[in-house]
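File shown here: work_11.tsv, holding TSV, C-alpha atoms.
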chain	number	residue	atom	x	y	z
R	1	MET	CA	0.00	0.00	0.00
R	2	ASN	CA	1.37	3.36	-0.95
R	3	THR	CA	-1.01	6.10	-0.03
R	4	LEU	CA	0.24	8.82	-2.34
R	5	TRP	CA	0.37	6.51	-5.36
R	6	ASP	CA	-3.21	5.42	-4.64
R	7	LYS	CA	-4.37	8.96	-4.03
R	8	ALA	CA	-2.91	10.11	-7.32
R	9	GLN	CA	-4.77	7.33	-9.14
R	10	GLU	CA	-7.98	8.08	-7.28
R	11	SER	CA	-7.78	11.78	-8.08
R	12	TRP	CA	-7.09	11.07	-11.75
R	13	GLU	CA	-9.93	8.56	-12.10
R	14	THR	CA	-12.38	10.92	-10.40
R	15	ALA	CA	-11.40	13.71	-12.77
R	16	GLU	CA	-11.69	11.45	-15.79
R	17	MET	CA	-15.13	10.17	-14.82
R	18	LEU	CA	-16.54	13.65	-14.36
R	19	HIS	CA	-14.85	14.94	-17.48
R	20	LYS	CA	-16.30	12.14	-19.62
R	21	GLU	CA	-19.75	13.15	-18.41
R	22	ASP	CA	-18.92	16.82	-19.04
R	23	LEU	CA	-19.66	17.59	-15.39
R	24	TYR	CA	-18.22	20.12	-12.94
R	25	LEU	CA	-15.18	21.27	-14.86
R	26	ASN	CA	-13.84	23.23	-11.89
R	27	CYS	CA	-13.78	20.07	-9.78
R	28	VAL	CA	-12.26	18.19	-12.70
R	29	ALA	CA	-9.40	20.71	-12.97
R	30	ASN	CA	-8.81	20.51	-9.23
R	31	ARG	CA	-8.61	16.70	-9.24
R	32	PHE	CA	-6.40	16.57	-12.36
R	33	TYR	CA	-3.94	18.97	-10.72
R	34	TYR	CA	-3.90	17.09	-7.43
R	35	ALA	CA	-3.36	13.79	-9.23
R	36	LEU	CA	-0.19	15.32	-10.68
R	37	PHE	CA	0.79	16.91	-7.38
R	38	GLN	CA	0.38	13.65	-5.41
R	39	ALA	CA	2.19	11.69	-8.10
R	40	THR	CA	5.03	14.22	-7.96
R	41	LYS	CA	5.44	13.80	-4.21
R	42	TRP	CA	5.37	10.02	-4.58
R	43	HIS	CA	7.90	10.18	-7.41
R	44	ASN	CA	10.27	12.26	-5.27
R	45	GLU	CA	10.07	9.78	-2.41
R	46	GLN	CA	11.15	6.95	-4.72
R	47	LEU	CA	14.37	8.69	-5.73
R	48	ALA	CA	17.65	7.48	-4.27
R	49	GLU	CA	18.24	11.04	-3.11
R	50	PRO	CA	14.89	12.79	-2.80
R	51	LEU	CA	14.92	16.55	-3.16
R	52	LYS	CA	14.34	18.52	0.01
R	53	GLU	CA	12.37	21.71	0.47
R	54	LYS	CA	14.54	24.80	0.66
R	55	THR	CA	15.24	26.00	4.19
R	56	LYS	CA	16.76	29.02	5.89
R	57	ARG	CA	17.97	29.64	9.40
R	58	ASP	CA	15.95	32.22	11.30
R	59	ARG	CA	17.38	34.68	13.85
R	60	ASN	CA	17.36	32.02	16.54
R	61	GLY	CA	19.30	29.60	14.36
R	62	THR	CA	16.31	27.34	13.77
R	63	GLU	CA	16.08	25.78	10.32
R	64	ARG	CA	12.80	26.73	8.67
R	65	VAL	CA	11.22	25.57	5.41
R	66	VAL	CA	10.85	28.55	3.10
R	67	GLU	CA	9.57	26.79	0.00
R	68	HIS	CA	5.85	26.52	-0.50
R	69	THR	CA	4.73	22.94	-1.04
R	70	HIS	CA	3.35	23.61	-4.55
R	71	GLU	CA	6.50	25.47	-5.57
R	72	PHE	CA	8.50	22.53	-4.31
R	73	ALA	CA	6.46	20.21	-6.52
R	74	ARG	CA	7.22	22.38	-9.53
R	75	ARG	CA	10.93	22.20	-8.75
R	76	ILE	CA	10.76	18.40	-8.41
R	77	ILE	CA	9.23	18.18	-11.90
R	78	ASP	CA	11.81	20.55	-13.41
R	79	GLU	CA	14.88	19.10	-11.77
R	80	THR	CA	14.12	15.40	-11.91
R	81	LEU	CA	12.32	15.03	-15.25
R	82	LYS	CA	14.19	17.79	-17.10
R	83	SER	CA	11.50	18.09	-19.73
R	84	VAL	CA	10.22	21.46	-20.92
R	85	GLU	CA	7.01	19.80	-22.00
R	86	HIS	CA	6.30	18.15	-18.64
R	87	SER	CA	7.18	21.36	-16.80
R	88	ARG	CA	4.76	23.30	-18.94
R	89	THR	CA	1.99	20.75	-18.36
R	90	PHE	CA	2.41	20.90	-14.61
R	91	LYS	CA	2.34	24.71	-14.63
R	92	ASP	CA	-0.73	24.74	-16.86
R	93	PHE	CA	-2.72	22.47	-14.58
R	94	LYS	CA	-1.60	24.43	-11.57
R	95	ARG	CA	-3.06	27.62	-13.01
R	96	PHE	CA	-6.27	25.80	-14.04
R	97	ARG	CA	-6.59	24.64	-10.45
R	98	ILE	CA	-6.08	28.17	-9.10
R	99	LYS	CA	-8.71	29.39	-11.53
R	100	ALA	CA	-11.04	26.58	-10.47
R	101	ASP	CA	-10.68	27.09	-6.74
R	102	TYR	CA	-10.18	30.81	-6.24
R	103	LYS	CA	-11.32	32.84	-9.22
R	104	LYS	CA	-14.62	34.29	-10.33
R	105	HIS	CA	-14.58	32.69	-13.75
R	106	ASN	CA	-14.85	29.00	-14.60
R	107	VAL	CA	-12.39	26.54	-16.02
R	108	SER	CA	-13.27	26.16	-19.69
R	109	LYS	CA	-13.41	23.27	-22.15
R	110	HIS	CA	-10.53	25.00	-23.88
R	111	ASP	CA	-8.47	24.61	-20.68
R	112	LEU	CA	-9.39	20.95	-20.40
R	113	SER	CA	-8.96	20.11	-24.06
R	114	SER	CA	-8.15	16.56	-25.13
R	115	TYR	CA	-4.65	17.74	-25.97
R	116	ASN	CA	-4.03	19.19	-22.51
R	117	ILE	CA	-5.40	16.12	-20.79
R	118	SER	CA	-3.27	13.80	-22.92
R	119	LYS	CA	-0.20	15.81	-21.88
R	120	ALA	CA	-1.21	15.46	-18.24
R	121	GLN	CA	-1.72	11.72	-18.71
R	122	GLU	CA	1.80	11.41	-20.11
R	123	LEU	CA	3.20	13.27	-17.13
R	124	LEU	CA	1.22	11.19	-14.65
R	125	ASN	CA	2.40	7.96	-16.26
R	126	LYS	CA	5.98	9.14	-16.15
R	127	LEU	CA	5.75	10.04	-12.46
R	128	LEU	CA	3.99	6.88	-11.35
R	129	LYS	CA	6.37	4.58	-13.21
R	130	THR	CA	9.26	5.75	-11.05
R	131	GLY	CA	11.00	2.81	-9.44
R	132	ASP	CA	9.79	-0.79	-9.75
R	133	ASN	CA	7.48	-0.88	-6.78
R	134	SER	CA	4.52	0.80	-8.42
R	135	GLN	CA	1.61	-1.50	-7.83
H	1	MET	CA	12.14	42.08	-6.96
H	2	LYS	CA	14.29	41.98	-10.06
H	3	ASP	CA	12.40	43.10	-13.14
H	4	LEU	CA	9.02	42.17	-11.72
H	5	ASN	CA	7.69	45.66	-12.35
H	6	ASN	CA	8.87	45.55	-15.96
H	7	ILE	CA	6.90	42.43	-16.74
H	8	ILE	CA	3.63	44.33	-17.01
H	9	ASP	CA	5.25	46.76	-19.46
H	10	ARG	CA	6.68	43.95	-21.55
H	11	ILE	CA	3.34	42.19	-21.72
H	12	LYS	CA	1.60	45.44	-22.64
H	13	ASP	CA	4.12	46.07	-25.41
H	14	LEU	CA	3.11	42.84	-27.11
H	15	PHE	CA	-0.52	42.68	-26.06
H	16	PRO	CA	-1.57	46.34	-25.96
H	17	ASP	CA	-5.27	45.54	-25.93
H	18	ILE	CA	-5.32	43.78	-22.54
H	19	HIS	CA	-5.13	44.93	-18.92
H	20	VAL	CA	-2.48	43.35	-16.65
H	21	GLU	CA	-2.07	43.23	-12.88
H	22	ILE	CA	0.44	41.33	-10.75
H	23	GLU	CA	-0.43	40.26	-7.25
H	24	LYS	CA	1.48	38.24	-4.67
H	25	HIS	CA	-0.88	35.72	-3.21
H	26	VAL	CA	0.91	33.65	-0.60
H	27	VAL	CA	2.85	34.55	2.50
H	28	ILE	CA	5.58	31.97	2.08
H	29	GLY	CA	7.33	31.56	-1.20
H	30	GLY	CA	7.31	33.64	-4.33
H	31	GLU	CA	4.09	32.94	-6.16
H	32	TYR	CA	2.71	35.86	-8.11
H	33	GLU	CA	-0.48	35.85	-10.11
H	34	VAL	CA	-0.26	37.69	-13.40
H	35	SER	CA	-3.89	38.52	-14.13
H	36	CYS	CA	-4.54	39.37	-17.77
H	37	TYR	CA	-7.95	40.79	-18.67
H	38	GLY	CA	-9.56	41.00	-22.09
H	39	ILE	CA	-7.45	38.41	-23.90
H	40	HIS	CA	-8.81	36.84	-27.05
H	41	GLU	CA	-8.99	33.06	-26.50
H	42	ASN	CA	-6.99	32.22	-29.62
H	43	ARG	CA	-4.07	34.31	-28.34
H	44	SER	CA	-4.08	32.93	-24.80
H	45	ASP	CA	-1.50	30.19	-25.43
H	46	LYS	CA	0.94	32.75	-26.82
H	47	LEU	CA	0.50	34.96	-23.76
H	48	VAL	CA	0.94	32.04	-21.35
H	49	SER	CA	4.13	30.96	-23.12
H	50	PHE	CA	5.44	34.50	-22.99
H	51	ILE	CA	4.92	34.67	-19.22
H	52	TYR	CA	6.41	31.22	-18.60
H	53	ASP	CA	9.46	32.08	-20.70
H	54	HIS	CA	9.99	35.30	-18.79
H	55	ASN	CA	9.69	33.41	-15.55
H	56	ASP	CA	12.39	30.92	-16.55
H	57	GLU	CA	14.64	33.64	-17.91
H	58	LEU	CA	14.39	36.08	-15.01
H	59	TYR	CA	14.11	33.68	-12.09
H	60	PRO	CA	15.97	30.48	-12.96
H	61	ASN	CA	16.51	29.71	-9.28
H	62	TYR	CA	12.82	29.56	-8.42
H	63	GLU	CA	12.79	32.84	-6.48
H	64	ILE	CA	9.51	33.78	-8.16
H	65	GLU	CA	6.75	31.81	-9.85
H	66	LEU	CA	4.56	33.78	-12.23
H	67	ILE	CA	1.14	32.19	-12.63
H	68	PRO	CA	-0.85	33.51	-15.58
H	69	ILE	CA	-4.55	33.92	-14.86
H	70	LEU	CA	-6.38	34.82	-18.05
H	71	TYR	CA	-9.79	36.42	-18.43
H	72	THR	CA	-11.28	36.43	-21.91
H	73	LYS	CA	-13.06	39.51	-23.17
H	74	GLU	CA	-16.40	37.98	-22.27
H	75	GLU	CA	-15.24	36.98	-18.77
H	76	THR	CA	-13.80	40.44	-18.20
H	77	ARG	CA	-17.09	42.04	-19.25
H	78	GLU	CA	-19.04	39.72	-16.95
H	79	HIS	CA	-16.89	39.88	-13.83
H	80	PHE	CA	-14.89	43.12	-14.13
H	81	PRO	CA	-17.07	45.63	-16.00
H	82	ALA	CA	-14.94	48.61	-14.92
H	83	ILE	CA	-11.85	47.05	-16.52
H	84	ALA	CA	-13.85	46.13	-19.62
H	85	ASP	CA	-15.01	49.75	-19.92
H	86	GLN	CA	-11.44	50.98	-19.55
H	87	LEU	CA	-10.25	48.61	-22.27
H	88	LEU	CA	-13.08	49.78	-24.50
H	89	ILE	CA	-12.03	53.41	-24.09
H	90	GLU	CA	-8.39	52.55	-24.79
H	91	SER	CA	-9.44	50.56	-27.85
H	92	ILE	CA	-11.39	53.50	-29.28
H	93	SER	CA	-8.53	55.85	-28.50
H	94	ARG	CA	-6.03	53.62	-30.33
H	95	GLY	CA	-8.47	53.27	-33.21
H	96	LEU	CA	-8.67	57.01	-33.65
H	97	SER	CA	-4.87	57.34	-33.50
H	98	ALA	CA	-4.40	54.56	-36.04
H	99	GLN	CA	-6.98	56.13	-38.33
H	100	ARG	CA	-4.81	59.25	-38.70
H	101	PHE	CA	-2.14	57.27	-40.50
H	102	LEU	CA	-4.34	55.45	-42.96
H	103	PRO	CA	-3.93	56.41	-46.65
H	104	SER	CA	-7.42	57.78	-46.76
H	105	GLN	CA	-6.30	60.76	-44.74
H	106	ASP	CA	-8.17	63.16	-46.96
H	107	MET	CA	-11.52	61.51	-46.32
H	108	GLU	CA	-13.95	63.39	-44.20
H	109	TRP	CA	-13.48	62.74	-40.47
H	110	PRO	CA	-16.55	60.95	-39.13
H	111	THR	CA	-18.38	62.64	-36.32
H	112	ASN	CA	-19.04	59.33	-34.59
H	113	PRO	CA	-15.79	57.57	-33.63
H	114	CYS	CA	-17.54	54.18	-33.56
H	115	VAL	CA	-17.92	54.47	-37.32
H	116	CYS	CA	-14.14	54.15	-37.57
H	117	LEU	CA	-14.18	50.88	-35.67
H	118	SER	CA	-16.92	48.94	-37.38
H	119	THR	CA	-17.57	49.91	-40.94
H	120	PRO	CA	-19.07	47.19	-43.14
H	121	ALA	CA	-15.71	46.66	-44.82
H	122	GLN	CA	-13.95	46.00	-41.51
H	123	SER	CA	-16.55	44.04	-39.62
H	124	PRO	CA	-18.22	40.97	-41.09
H	125	ASN	CA	-20.68	40.97	-38.23
H	126	TYR	CA	-21.81	44.46	-39.11
H	127	ALA	CA	-22.23	43.46	-42.73
H	128	THR	CA	-24.33	40.44	-41.86
H	129	GLY	CA	-26.33	42.32	-39.29
H	130	ASN	CA	-25.18	39.99	-36.51
H	131	SER	CA	-25.27	42.18	-33.45
H	132	SER	CA	-24.42	39.44	-30.93
H	133	GLU	CA	-20.84	40.64	-30.59
H	134	THR	CA	-20.71	43.23	-27.84
H	135	TRP	CA	-16.96	43.74	-27.85
H	136	PRO	CA	-15.77	46.29	-30.40
H	137	ILE	CA	-13.47	45.32	-33.21
H	138	ASN	CA	-9.99	46.15	-32.04
H	139	PRO	CA	-8.17	48.13	-34.73
H	140	VAL	CA	-4.78	47.06	-33.35
H	141	GLU	CA	-5.65	43.39	-33.86
H	142	MET	CA	-6.85	44.17	-37.35
H	143	THR	CA	-3.73	46.00	-38.39
H	144	ALA	CA	-1.18	43.72	-36.69
H	145	THR	CA	0.32	41.12	-39.00
H	146	ASP	CA	1.28	37.56	-38.22
H	147	GLU	CA	4.84	38.81	-38.18
H	148	THR	CA	3.96	41.15	-35.32
H	149	TYR	CA	2.94	38.20	-33.21
H	150	ALA	CA	5.82	36.04	-34.40
H	151	ASN	CA	8.20	38.70	-33.15
H	152	ALA	CA	6.38	38.69	-29.86
H	153	ALA	CA	7.21	35.04	-29.22
Please go through the file and, once you have read it, give me the structure as structure tokens.
Amino acid sequence: MNTLWDKAQESWETAEMLHKEDLYLNCVANRFYYALFQATKWHNEQLAEPLKEKTKRDRNGTERVVEHTHEFARRIIDETLKSVEHSRTFKDFKRFRIKADYKKHNVSKHDLSSYNISKAQELLNKLLKTGDNSQ
Amino acid sequence: MKDLNNIIDRIKDLFPDIHVEIEKHVVIGGEYEVSCYGIHENRSDKLVSFIYDHNDELYPNYEIELIPILYTKEETREHFPAIADQLLIESISRGLSAQRFLPSQDMEWPTNPCVCLSTPAQSPNYATGNSSETWPINPVEMTATDETYANAA
């Protein structure tokens, strides 16, 4: 059992089901993004030397994380996959998710085009294939 | 932050018909939303690429993440009518300026500036009587060539 791997799959399948029925595109965008985000965290944990969030020492000498968790995920994608295309896909779905969750306007069919979703599927597959212990 | 203030100017240079704002939206980290209002949907990919490329070029060490948030003309009109009105005024103003340099300089100046923007020759919708389009024809978009946008990339 690997919770993050399962969660990524669950998020992706939920998004796909709703998208096929043309339902709740804002929720679809949210779940697609989180599928990628969870898969990214899982992928990082499988690496021989996982990346760590950036830290800084405060005035008292205590080490503090200064990198936001979603920024950290972006860096994992960039630095471990080294693919302009995958980096772009991750950034695109991140902004769709921000639009879906926080903005006045709705995620559009143009945002969730077949092309964009196929790019996200490629990225998800790449992330979840990491290592040999994917179930 | 390095060059952050110039980003709006650079975007406006290439996309003069939109309104741009940058807002920091988290306490920790360097995420900035670049909100772009009034973009035509078929130019949105070009604008997003432009912002991503700037991000990579200016902040290669992840100090800042620029997140493009795009509002189409219709979405801007629906949710931000004041900005839509401002863009409309700017569009008319640019149309009048552009009109001064057209070859037909000697033609009589129309009393109604809207005539400049949607004559039958310029606007298919006008010619067909389709009045569903509420956004005015943007003279800058009409006069810009593909090369203009290619240079913008």
In terms of the shortest atom-to-atom distance over all atoms listed in the file, which of R:Thr3, R:Trp12, R:His19, R:His86 is closest to R:Ser114? R:His19
Surrounding residues of R:Tyr24 excluding itself and chain neighbours under 5 positions, 10 Å, all atoms listed in the file, as a count of residues only: 7
Considering all atoms listed in the file, tabulate each residue of chain H that lies at most 8 Å from chain R along with its nearest interatomic pair and the corresponding distance in Å to one decimal; arrange the rows by chain and ascending residue number and present them as a tab-separated table.
residue	atom	partner	partner_atom	distance
H:Ile28	CA	R:His68	CA	6.0
H:Gly29	CA	R:His68	CA	5.3
H:Glu31	CA	R:Glu71	CA	7.9
H:Tyr62	CA	R:Arg75	CA	7.6
H:Glu65	CA	R:Glu71	CA	7.7
H:Ile67	CA	R:Arg95	CA	6.2
H:Pro68	CA	R:Arg95	CA	6.8
H:Ile69	CA	R:Arg95	CA	6.7
H:Tyr71	CA	R:His105	CA	7.7
H:Glu75	CA	R:His105	CA	6.6
H:His79	CA	R:Lys104	CA	7.0
Please list as a ChimeraX atom specification every residue within 8 Å of R:Asp101, counting all atoms listed in the file and excluding residues in the same chain fewer than 3 positions away. /R:26,30,97-98
Computed interatomic separation between atom CA of R:Pro50 and atom CA of R:Ala73 (Å): 11.8 Å
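Distance check against R:Leu36 using all atoms listed in the file: of R:Arg64, R:Lys109, R:Lys82, R:Lys7, the minimum falls on R:Lys7.
One finds atom CA of H:Asn5 at 16.6 Å from atom CA of H:Ile18.
If all atoms listed in the file are the atoms counted, then among R:Thr40, R:Thr55, R:Ser108, R:Thr62 the closest residue to R:Asp78 is R:Thr40.
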Rounded to one decimal place, report the atom CA of R:Cys27-atom CA of R:Glu45 distance in Å. 27.0 Å
Could I get stretch 88-99 of chain H rebuilt with all heavy atoms, written as a PDB file, in the frame of the given file?
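Final file, result.pdb:
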ATOM      1  N   LEU H  88     -12.289  49.274 -23.376  1.00  0.00           N
ATOM      2  CA  LEU H  88     -13.080  49.780 -24.500  1.00  0.00           C
ATOM      3  C   LEU H  88     -12.648  51.199 -24.869  1.00  0.00           C
ATOM      4  O   LEU H  88     -12.445  51.517 -26.048  1.00  0.00           O
ATOM      5  CB  LEU H  88     -14.560  49.747 -24.112  1.00  0.00           C
ATOM      6  CG  LEU H  88     -15.562  50.317 -25.100  1.00  0.00           C
ATOM      7  CD1 LEU H  88     -15.489  49.577 -26.424  1.00  0.00           C
ATOM      8  CD2 LEU H  88     -16.971  50.216 -24.522  1.00  0.00           C
ATOM      9  N   ILE H  89     -12.462  52.028 -23.850  1.00  0.00           N
ATOM     10  CA  ILE H  89     -12.030  53.410 -24.090  1.00  0.00           C
ATOM     11  C   ILE H  89     -10.653  53.426 -24.746  1.00  0.00           C
ATOM     12  O   ILE H  89     -10.419  54.152 -25.715  1.00  0.00           O
ATOM     13  CB  ILE H  89     -12.022  54.200 -22.762  1.00  0.00           C
ATOM     14  CG1 ILE H  89     -13.447  54.403 -22.271  1.00  0.00           C
ATOM     15  CG2 ILE H  89     -11.308  55.538 -22.922  1.00  0.00           C
ATOM     16  CD1 ILE H  89     -13.550  54.862 -20.827  1.00  0.00           C
ATOM     17  N   GLU H  90      -9.741  52.609 -24.214  1.00  0.00           N
ATOM     18  CA  GLU H  90      -8.390  52.550 -24.790  1.00  0.00           C
ATOM     19  C   GLU H  90      -8.432  52.072 -26.241  1.00  0.00           C
ATOM     20  O   GLU H  90      -7.695  52.557 -27.093  1.00  0.00           O
ATOM     21  CB  GLU H  90      -7.514  51.600 -23.968  1.00  0.00           C
ATOM     22  CG  GLU H  90      -7.130  52.158 -22.611  1.00  0.00           C
ATOM     23  CD  GLU H  90      -6.383  51.148 -21.745  1.00  0.00           C
ATOM     24  OE1 GLU H  90      -5.988  50.086 -22.272  1.00  0.00           O
ATOM     25  OE2 GLU H  90      -6.217  51.409 -20.551  1.00  0.00           O
ATOM     26  N   SER H  91      -9.316  51.106 -26.505  1.00  0.00           N
ATOM     27  CA  SER H  91      -9.440  50.560 -27.850  1.00  0.00           C
ATOM     28  C   SER H  91      -9.904  51.645 -28.829  1.00  0.00           C
ATOM     29  O   SER H  91      -9.363  51.787 -29.926  1.00  0.00           O
ATOM     30  CB  SER H  91     -10.418  49.389 -27.824  1.00  0.00           C
ATOM     31  OG  SER H  91     -10.712  48.960 -29.121  1.00  0.00           O
ATOM     32  N   ILE H  92     -10.885  52.412 -28.414  1.00  0.00           N
ATOM     33  CA  ILE H  92     -11.390  53.500 -29.280  1.00  0.00           C
ATOM     34  C   ILE H  92     -10.306  54.533 -29.498  1.00  0.00           C
ATOM     35  O   ILE H  92     -10.087  55.014 -30.606  1.00  0.00           O
ATOM     36  CB  ILE H  92     -12.650  54.124 -28.646  1.00  0.00           C
ATOM     37  CG1 ILE H  92     -13.804  53.128 -28.693  1.00  0.00           C
ATOM     38  CG2 ILE H  92     -13.028  55.416 -29.369  1.00  0.00           C
ATOM     39  CD1 ILE H  92     -15.037  53.569 -27.933  1.00  0.00           C
ATOM     40  N   SER H  93      -9.592  54.851 -28.411  1.00  0.00           N
ATOM     41  CA  SER H  93      -8.530  55.850 -28.500  1.00  0.00           C
ATOM     42  C   SER H  93      -7.450  55.405 -29.497  1.00  0.00           C
ATOM     43  O   SER H  93      -7.002  56.188 -30.328  1.00  0.00           O
ATOM     44  CB  SER H  93      -7.933  56.044 -27.102  1.00  0.00           C
ATOM     45  OG  SER H  93      -6.768  56.789 -27.185  1.00  0.00           O
ATOM     46  N   ARG H  94      -7.045  54.123 -29.400  1.00  0.00           N
ATOM     47  CA  ARG H  94      -6.030  53.620 -30.330  1.00  0.00           C
ATOM     48  C   ARG H  94      -6.569  53.594 -31.752  1.00  0.00           C
ATOM     49  O   ARG H  94      -5.861  53.862 -32.706  1.00  0.00           O
ATOM     50  CB  ARG H  94      -5.592  52.204 -29.929  1.00  0.00           C
ATOM     51  CG  ARG H  94      -4.531  52.180 -28.860  1.00  0.00           C
ATOM     52  CD  ARG H  94      -3.866  50.800 -28.804  1.00  0.00           C
ATOM     53  NE  ARG H  94      -4.847  49.727 -28.722  1.00  0.00           N
ATOM     54  CZ  ARG H  94      -5.389  49.300 -27.598  1.00  0.00           C
ATOM     55  NH1 ARG H  94      -5.062  49.855 -26.460  1.00  0.00           N
ATOM     56  NH2 ARG H  94      -6.272  48.328 -27.600  1.00  0.00           N
ATOM     57  N   GLY H  95      -7.856  53.301 -31.885  1.00  0.00           N
ATOM     58  CA  GLY H  95      -8.470  53.270 -33.210  1.00  0.00           C
ATOM     59  C   GLY H  95      -8.423  54.624 -33.868  1.00  0.00           C
ATOM     60  O   GLY H  95      -8.087  54.754 -35.043  1.00  0.00           O
ATOM     61  N   LEU H  96      -8.698  55.661 -33.092  1.00  0.00           N
ATOM     62  CA  LEU H  96      -8.670  57.010 -33.650  1.00  0.00           C
ATOM     63  C   LEU H  96      -7.243  57.399 -34.036  1.00  0.00           C
ATOM     64  O   LEU H  96      -7.018  58.004 -35.076  1.00  0.00           O
ATOM     65  CB  LEU H  96      -9.225  58.016 -32.638  1.00  0.00           C
ATOM     66  CG  LEU H  96     -10.737  57.923 -32.422  1.00  0.00           C
ATOM     67  CD1 LEU H  96     -11.162  58.829 -31.274  1.00  0.00           C
ATOM     68  CD2 LEU H  96     -11.481  58.301 -33.698  1.00  0.00           C
ATOM     69  N   SER H  97      -6.270  57.022 -33.188  1.00  0.00           N
ATOM     70  CA  SER H  97      -4.870  57.340 -33.500  1.00  0.00           C
ATOM     71  C   SER H  97      -4.434  56.619 -34.771  1.00  0.00           C
ATOM     72  O   SER H  97      -3.797  57.200 -35.644  1.00  0.00           O
ATOM     73  CB  SER H  97      -3.948  56.913 -32.360  1.00  0.00           C
ATOM     74  OG  SER H  97      -4.304  57.583 -31.200  1.00  0.00           O
ATOM     75  N   ALA H  98      -4.798  55.344 -34.873  1.00  0.00           N
ATOM     76  CA  ALA H  98      -4.400  54.560 -36.040  1.00  0.00           C
ATOM     77  C   ALA H  98      -5.025  55.127 -37.304  1.00  0.00           C
ATOM     78  O   ALA H  98      -4.417  55.148 -38.368  1.00  0.00           O
ATOM     79  CB  ALA H  98      -4.809  53.107 -35.856  1.00  0.00           C
ATOM     80  N   GLN H  99      -6.253  55.629 -37.171  1.00  0.00           N
ATOM     81  CA  GLN H  99      -6.980  56.130 -38.330  1.00  0.00           C
ATOM     82  C   GLN H  99      -6.254  57.316 -38.980  1.00  0.00           C
ATOM     83  O   GLN H  99      -6.315  57.515 -40.171  1.00  0.00           O
ATOM     84  CB  GLN H  99      -8.386  56.579 -37.881  1.00  0.00           C
ATOM     85  CG  GLN H  99      -9.369  56.755 -39.004  1.00  0.00           C
ATOM     86  CD  GLN H  99      -9.916  55.406 -39.489  1.00  0.00           C
ATOM     87  OE1 GLN H  99      -9.581  54.370 -38.937  1.00  0.00           O
ATOM     88  NE2 GLN H  99     -10.717  55.427 -40.523  1.00  0.00           N
TER      89      GLN H  99
END
